[in-house]
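One structure is given below, encoded as structure tokens.
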Amino acid sequence: MTGNNNAPVELETRKISTLLKEYAVPGIIAMTASSLYNMVDSIYIGHIKDVGSLAISGIAVTFPIMNLGSAIGTLVGVGASTLVSMLLGQKNYVTANKVLPNVVTLNVVLGALFSLLVLAFLKPVLYFFGAGDAIYPFARDYMVIILAGFIITHLYFGLNSMIRATGNPKLAMGLTLFTVISNAILDPLFIFGLGLGVKGAAIATVLCQTISLVYSIVYFSSGKNVIHFGRRIFGFSAKIARTSMGIGMGPFLMNSAACLVTMFINQQLRVYGGDLAIGAYGIINRISFLFLMVVMGLNQGMQPIASYNFGAGKGLRVKAVYRLTVAWATAVCILGFLICELFPGAAVSAFTSDPELKGIATHGMRIMNIMFPILGFQIVSTNLFQCLGMVKKSIFLSLSRQLIFLLPALYLLPLAFGIEGVWASYPLSDLVAFAFTLILIIRLIRQLEKNESAR
């Protein structure tokens with residue numbers, strides 16, 4: 001696919017498997033690269049001489065803040081890209097073009113407000129999220145720079161989603177790959193060569209995203225694409241903002257819930273395992289996310305196809321792309337399960353050589369990922385409701401696994417089993433959430449079939 005003045009009408013005509021491959025492969029590469037992007041920082045930081053174990057624990061404490069910032073980004077970017085896909089399916093090009101300047105304005109305003117608020121209360125926020133005196137300096141040094149560049153991060157990811165939604169997934173992938181590769185090159189230079197430590201990792205991150213953002217702005221300013229900037233880059237429509245942010249509310253709440261969950265897990269791990277247990281959880285998160293980002297890449301491939309065809313009233317094509325995405329996502333999660341269960345030590349060794357930290361992470365990963373094979377179905381199904389603009393159901397499924405079911409287990413199980421209960425809370429909540437998701441998705445598929453037969 002290429003970005004041009006023709007709307008991507010082939011989304012309602014070409015073979016589903018061909019389309020999903022064409023859209024998902026760039027998404028998979030981009031999301032896997034994004035996961036590696038974060039992993040590279042952790043791997044280099046974990047090997048800083050003498051303080052690597054504490055430094056990686058300090059970075060782990062920042063995850064809730066990063067997740068919350070990402071949640072605000074998805075509220076704007078994911079919602080807007082889904083809305084654009086549906087508008088293109090309806091052939092409503094005028095309104096679709098009004099979405100883009102809305103994305104810029106909302107990302108700048110929300111990104112700035114978030115950064116200023118967190119920076120103003122950074123120390124109490126980090127301690128609230130699980131930092132202690134030993135790891136706080138590393139968390140602070142990293143987050144000050146990341147927060148200073150949050151507007152850039154939000155705009156970069158928001159415009160990248162729009163590039164993908166308007167029919168150019170390969171360019172979206174290419175920009176992500178650029179940030180990953182350039183970050184991998186700059187990280188050791190800034191961390192070790194210039195002796196900047198965790199500050200160097202943060203500087204490299206923001207710098208690489210800045211370059212990709214500039215290219216994205218130039219791309220949308222050319223006027224050669226179906227969606228492009230008009231006379232102004234900034235713009236605001238209350239109606240478009242309400243609609244797009246309503247659609248994006250599901251992923252926003254999912255990421256917000258991840259923020260809360262990480263905070264509570266860090267607090268429980270501090271009580272039952274100490275600073276190294278927090279670092280171990282950070283390592284487990286990085287490894288698990290490598291596979292979950294592949295699933296998210298599949299979701300990115302499914303999103304424009306499902307949204308466009310739903311807008312065009314073609315429910316059977318929506319059903320077909322959903323079923324194929326679930327099958328591929330499940331295969332990925334099974335592979336992740338096998339690696340985490342059979343070779344956990346090898347995976348953890350990339351992040352640390354500390355035998356104590358390695359032992360905690362290896363043991364925790366085996367317990368946390370017992371239900372990993374069913375996560376693909378859960379994530380893709382939740383994303384389908386969001387793709388179709390079914391906000392309430394998307395929100396419920398987003399919250400069920402991470403809050404409604406996980407938090408009670410997170411506080412009850414450790415009372416009986418200590419740190420083992422903290423690790424076990426994840427697979428228990430995954431199993432219960434799977435059952436609820438299955439009920440809702442069966443109803444949705446039946447409705448899609450019914451609507452198609454009535455056309």
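In the structure tokens, chains take the letters A, B, ... in the order shown, each chain's residues start at 1, and ligands count up from 1 in the order shown.
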
Next item on the list: Please identify which residues in region 110-264 of chain A DSSP calls alpha helix (DSSP H) from the backbone, and express them as a PyMOL selection string.
Entry: chain A and resi 110-120+122-128+136-148+150-165+169-188+198-221+238-247+249-264

Give me the residues near Gly359 (chain A) as a compact mmCIF listing (two decimals) with C-alpha atoms, in the first residue's frame, where near means some atom within 9 Å (using only C-alpha atoms) and where sequence neighbours in that chain fewer than 4 positions away do not count.
# COMPACT_ATOMS: atom_id res chain seq x y z
CA ALA A 280 12.76 -8.93 38.33
CA GLY A 345 17.13 -18.37 32.34
CA VAL A 348 16.68 -13.22 31.71
CA ASP A 354 23.38 -10.81 38.98
CA PRO A 355 22.61 -14.39 40.11
CA HIS A 363 11.04 -18.19 38.93
CA GLY A 364 8.51 -15.36 38.67

Next item on the list: Can you pull out every residue within 6 Å of Gly130 (chain A), counting only C-alpha atoms, but drop anything in the same chain fewer than 2 positions away, and send it as a PyMOL selection string?
Entry: chain A and resi 127-128+266-267

Checklist line | Among the residues A:Leu116, A:Val326, A:Ile227, A:Leu399, the one that comes closest to Met162 (chain A) [using only C-alpha atoms] | finding: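 Looking at the shortest contact to Met162 (chain A), the residue is A:Ile227.
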
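Nearest residue to Gly195 (chain A), choosing from A:Ile48, A:Ala139, A:Leu110, A:Leu410 and counting only C-alpha atoms: A:Ile48.
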
Checklist line | Gap from CA of Gly421 (chain A) to CA of Leu269 (chain A) - Å, one decimal | finding: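 Interatomic distance here is 10.2 Å.
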
Check: If you measure from CA of Phe436 (chain A) to CA of Leu384 (chain A), what distance in Å do you get, rounded to one decimal?
Finding: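 It comes out at 14.9 Å.
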
Item checked: Residues near Ile28 (chain A), cut-off 12 Å, only C-alpha atoms, skip fewer than 5 positions along chain, as JSON, numbers by chain -> {"A": [20, 21, 22, 23, 33, 34, 35, 36, 169, 170, 172, 173, 174, 176, 177, 290, 291, 292, 293, 294, 295, 296, 297, 298, 299, 300, 301, 302, 325, 328, 329, 332]}

Can you write out the residues you just picked, keeping N, CA and C atoms, as a short mmCIF file (atom, residue, chain, number, x, y, z; two decimals), in the first residue's frame?
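To be explicit, this is the file written out as result22.cif:
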data_model
loop_
_atom_site.label_atom_id
_atom_site.label_comp_id
_atom_site.auth_asym_id
_atom_site.auth_seq_id
_atom_site.Cartn_x
_atom_site.Cartn_y
_atom_site.Cartn_z
N LEU A 20 -4.54 -8.89 5.57
CA LEU A 20 -4.02 -8.94 6.94
C LEU A 20 -2.50 -9.07 6.93
N LYS A 21 -1.99 -9.88 6.00
CA LYS A 21 -0.53 -9.99 5.89
C LYS A 21 0.08 -8.64 5.53
N GLU A 22 -0.55 -7.96 4.57
CA GLU A 22 0.01 -6.69 4.08
C GLU A 22 0.00 -5.61 5.16
N TYR A 23 -1.06 -5.61 5.96
CA TYR A 23 -1.18 -4.59 7.01
C TYR A 23 -0.53 -5.03 8.32
N ALA A 33 9.66 -3.99 17.07
CA ALA A 33 10.76 -3.04 17.16
C ALA A 33 10.56 -2.09 18.33
N SER A 34 9.30 -1.67 18.54
CA SER A 34 9.01 -0.78 19.67
C SER A 34 9.31 -1.47 20.99
N SER A 35 8.98 -2.77 21.07
CA SER A 35 9.30 -3.52 22.28
C SER A 35 10.81 -3.64 22.47
N LEU A 36 11.51 -3.92 21.37
CA LEU A 36 12.97 -4.00 21.44
C LEU A 36 13.56 -2.65 21.81
N PRO A 169 1.06 1.40 5.85
CA PRO A 169 1.65 0.72 7.01
C PRO A 169 3.15 0.54 6.90
N LYS A 170 3.67 0.46 5.67
CA LYS A 170 5.11 0.25 5.51
C LYS A 170 5.91 1.47 5.96
N ALA A 172 4.86 3.63 8.25
CA ALA A 172 4.75 3.64 9.71
C ALA A 172 5.76 2.68 10.33
N MET A 173 5.90 1.51 9.70
CA MET A 173 6.88 0.53 10.17
C MET A 173 8.30 1.07 10.02
N GLY A 174 8.58 1.69 8.87
CA GLY A 174 9.93 2.19 8.61
C GLY A 174 10.36 3.24 9.63
N THR A 176 9.26 3.52 12.70
CA THR A 176 9.50 2.84 13.98
C THR A 176 10.85 2.13 13.97
N LEU A 177 11.15 1.46 12.86
CA LEU A 177 12.44 0.77 12.75
C LEU A 177 13.60 1.76 12.86
N LEU A 290 7.64 -8.48 24.50
CA LEU A 290 8.17 -8.76 23.17
C LEU A 290 7.17 -9.58 22.36
N PHE A 291 6.50 -10.52 23.01
CA PHE A 291 5.49 -11.34 22.33
C PHE A 291 4.15 -10.62 22.24
N LEU A 292 3.80 -9.91 23.28
CA LEU A 292 2.53 -9.17 23.26
C LEU A 292 2.56 -8.05 22.22
N MET A 293 3.72 -7.50 21.94
CA MET A 293 3.81 -6.47 20.92
C MET A 293 3.59 -7.05 19.53
N VAL A 294 3.94 -8.31 19.33
CA VAL A 294 3.62 -8.98 18.07
C VAL A 294 2.10 -9.07 17.93
N VAL A 295 1.44 -9.42 19.02
CA VAL A 295 -0.03 -9.48 19.01
C VAL A 295 -0.61 -8.10 18.74
N MET A 296 -0.04 -7.07 19.35
CA MET A 296 -0.51 -5.72 19.10
C MET A 296 -0.26 -5.31 17.65
N GLY A 297 0.82 -5.81 17.05
CA GLY A 297 1.06 -5.56 15.63
C GLY A 297 -0.01 -6.20 14.77
N LEU A 298 -0.43 -7.40 15.14
CA LEU A 298 -1.54 -8.05 14.45
C LEU A 298 -2.82 -7.23 14.61
N ASN A 299 -3.03 -6.68 15.81
CA ASN A 299 -4.18 -5.81 16.04
C ASN A 299 -4.13 -4.58 15.12
N GLN A 300 -2.94 -4.02 14.96
CA GLN A 300 -2.80 -2.86 14.09
C GLN A 300 -3.15 -3.22 12.66
N GLY A 301 -2.79 -4.44 12.24
CA GLY A 301 -3.16 -4.88 10.90
C GLY A 301 -4.65 -5.10 10.76
N MET A 302 -5.28 -5.63 11.81
CA MET A 302 -6.71 -5.88 11.78
C MET A 302 -7.52 -4.60 11.82
N THR A 325 -6.95 -13.19 12.74
CA THR A 325 -6.06 -12.49 13.68
C THR A 325 -5.93 -13.25 14.98
N TRP A 328 -3.58 -16.30 14.51
CA TRP A 328 -2.16 -15.93 14.47
C TRP A 328 -1.68 -15.45 15.83
N ALA A 329 -2.50 -14.70 16.54
CA ALA A 329 -2.12 -14.19 17.86
C ALA A 329 -1.93 -15.33 18.86
N VAL A 332 1.40 -17.02 18.35
CA VAL A 332 2.49 -16.21 18.92
C VAL A 332 2.57 -16.40 20.43
#
